[in-house]
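Undergrad: Shown below is the structure under consideration.
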Amino acid sequence: DAGQPLPLMALANAPLIGLSSADPLAARLDSYLEAVEPPPRIRIAVQTYSLARAMVESGAGLAVIDPFTALGASPGTTTIRPLAPPLPITLYAVTRASEPLPHTLNDLLQIFSRRAREQLEYLSPAQP
């Protein structure tokens with residue numbers, strides 16, 4: 001089932017590893033999961049996506065994490081599936097306010113954007 005979308009309702013009563021309530025994605029995920037009945041069973045919440053991924057690898061449940069952290073998962077012990085409907089994420093460039101932008105920043109952001117799209121395509125290839 002790797003790469004095949006996981007319907008949101010498949011998370012009903014599932015053992016979900018939660019994310020810290022201070023995390024912006026966790027807040028969006030909470031509202032996204034409001035439609036799921038019965039709700040997923042969250043018995044543990046972690047501070048980082050990589051820790052959630054490690055908990056999945058050790059068999060503690062499933063996690064909803066960002067796609068870039070998911071790419072680091074062990075293919076021998078995990079399956080990566082996009083959620084359906086998708087929960088989009090936005091990436092931001094953060095710079096120091098007191099310094100001028102480097103003249104190479106735009107080129108760097110274009111490279112980063114292209115690589116991010118390639119990684120996302122690897123996880124969820126376009127369907128014919």
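The chains in the structure tokens are called A, B, ... from first to last as shown; in each chain the residues are counted from 1, and the ligands are counted from 1 in the order shown.
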Tell me, which residues of range 59-127 of chain A carry DSSP strand (DSSP E), written as an mmCIF file with N, CA and C atoms, in the first residue's frame?
TA:
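In the end it all went to states.cif:
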```
data_model
loop_
_atom_site.group_PDB
_atom_site.id
_atom_site.type_symbol
_atom_site.label_atom_id
_atom_site.label_comp_id
_atom_site.auth_asym_id
_atom_site.auth_seq_id
_atom_site.Cartn_x
_atom_site.Cartn_y
_atom_site.Cartn_z
ATOM 1 N N LEU A 62 0.764 4.699 14.801
ATOM 2 C CA LEU A 62 1.003 5.400 13.549
ATOM 3 C C LEU A 62 1.089 6.885 13.841
ATOM 4 N N ALA A 63 1.644 7.643 12.905
ATOM 5 C CA ALA A 63 1.807 9.082 13.101
ATOM 6 C C ALA A 63 1.514 9.808 11.800
ATOM 7 N N LEU A 83 -2.158 11.271 3.120
ATOM 8 C CA LEU A 83 -3.539 11.301 3.594
ATOM 9 C C LEU A 83 -4.467 11.765 2.480
ATOM 10 N N ALA A 84 -5.701 11.276 2.515
ATOM 11 C CA ALA A 84 -6.715 11.704 1.551
ATOM 12 C C ALA A 84 -7.970 12.084 2.322
#
```
Undergrad: Using DSSP assignments from the backbone, pull out every residue in chain A that falls under helix (DSSP H, G or I) and give it to me as a ChimeraX atom specification.
TA: /A:8-11,24-35,49-57,67-70,105-123
Undergrad: Take the residues from that selection and put them in a file with C-alpha atoms, as an mmCIF file, in the first residue's frame.
TA:
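What landed in again_39.cif:
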```cif
data_model
loop_
_atom_site.group_PDB
_atom_site.id
_atom_site.type_symbol
_atom_site.label_atom_id
_atom_site.label_comp_id
_atom_site.auth_asym_id
_atom_site.auth_seq_id
_atom_site.Cartn_x
_atom_site.Cartn_y
_atom_site.Cartn_z
ATOM 1 C CA LEU A 8 -8.873 10.106 6.668
ATOM 2 C CA MET A 9 -11.562 7.814 8.079
ATOM 3 C CA ALA A 10 -9.016 4.971 8.264
ATOM 4 C CA LEU A 11 -7.637 6.809 11.293
ATOM 5 C CA PRO A 24 1.490 24.439 14.352
ATOM 6 C CA LEU A 25 0.926 21.251 12.355
ATOM 7 C CA ALA A 26 -0.588 19.602 15.441
ATOM 8 C CA ALA A 27 -3.196 22.364 15.701
ATOM 9 C CA ARG A 28 -4.119 21.965 12.026
ATOM 10 C CA LEU A 29 -4.175 18.198 12.406
ATOM 11 C CA ASP A 30 -6.524 18.411 15.393
ATOM 12 C CA SER A 31 -9.103 20.333 13.363
ATOM 13 C CA TYR A 32 -8.553 18.011 10.381
ATOM 14 C CA LEU A 33 -9.288 14.974 12.580
ATOM 15 C CA GLU A 34 -12.530 16.402 14.006
ATOM 16 C CA ALA A 35 -14.470 14.573 11.270
ATOM 17 C CA TYR A 49 8.316 14.657 13.962
ATOM 18 C CA SER A 50 11.472 12.546 13.966
ATOM 19 C CA LEU A 51 10.586 11.132 17.386
ATOM 20 C CA ALA A 52 7.062 10.334 16.149
ATOM 21 C CA ARG A 53 8.625 8.529 13.171
ATOM 22 C CA ALA A 54 10.958 6.569 15.483
ATOM 23 C CA MET A 55 7.990 5.559 17.639
ATOM 24 C CA VAL A 56 6.214 4.223 14.537
ATOM 25 C CA GLU A 57 9.355 2.305 13.561
ATOM 26 C CA PRO A 67 6.635 14.377 4.183
ATOM 27 C CA PHE A 68 10.302 15.275 4.553
ATOM 28 C CA THR A 69 10.592 13.554 7.933
ATOM 29 C CA ALA A 70 8.642 10.611 6.516
ATOM 30 C CA LEU A 105 18.667 33.797 -1.813
ATOM 31 C CA ASN A 106 16.226 33.703 -4.731
ATOM 32 C CA ASP A 107 18.335 31.114 -6.573
ATOM 33 C CA LEU A 108 18.665 29.048 -3.400
ATOM 34 C CA LEU A 109 14.908 29.152 -2.794
ATOM 35 C CA GLN A 110 14.236 28.039 -6.370
ATOM 36 C CA ILE A 111 16.611 25.084 -5.947
ATOM 37 C CA PHE A 112 15.057 24.203 -2.599
ATOM 38 C CA SER A 113 11.554 24.459 -4.054
ATOM 39 C CA ARG A 114 12.460 22.177 -6.964
ATOM 40 C CA ARG A 115 14.048 19.590 -4.662
ATOM 41 C CA ALA A 116 11.060 19.718 -2.312
ATOM 42 C CA ARG A 117 8.681 19.084 -5.238
ATOM 43 C CA GLU A 118 10.873 16.163 -6.372
ATOM 44 C CA GLN A 119 10.780 14.641 -2.887
ATOM 45 C CA LEU A 120 7.013 15.072 -2.660
ATOM 46 C CA GLU A 121 6.601 13.496 -6.098
ATOM 47 C CA TYR A 122 8.700 10.542 -4.904
ATOM 48 C CA LEU A 123 6.278 10.020 -2.009
#
```
Undergrad: For CA of Gln47 in chain A and CA of Asp1 in chain A, determine how far apart the two atoms are, in Å to one decimal place.
TA: 27.9 Å
Undergrad: Excluding same-chain residues fewer than 5 positions from Pro7 in chain A, what lies within 10 Å of it counting only C-alpha atoms, as a list of chain:residue names?
TA: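 In the requested format, the answer is A:Ala12, A:Arg81, A:Pro82, A:Leu83, A:Ala84, A:Pro85, A:Pro86.
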Undergrad: Return the single residue from A:Ala2, A:Ile89, A:Ala97, A:Ile42 that is closest to Asp66 in chain A, with distances computed using only C-alpha atoms.
TA: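 Once distances to Asp66 in chain A are computed over only C-alpha atoms, the minimum belongs to A:Ile89.
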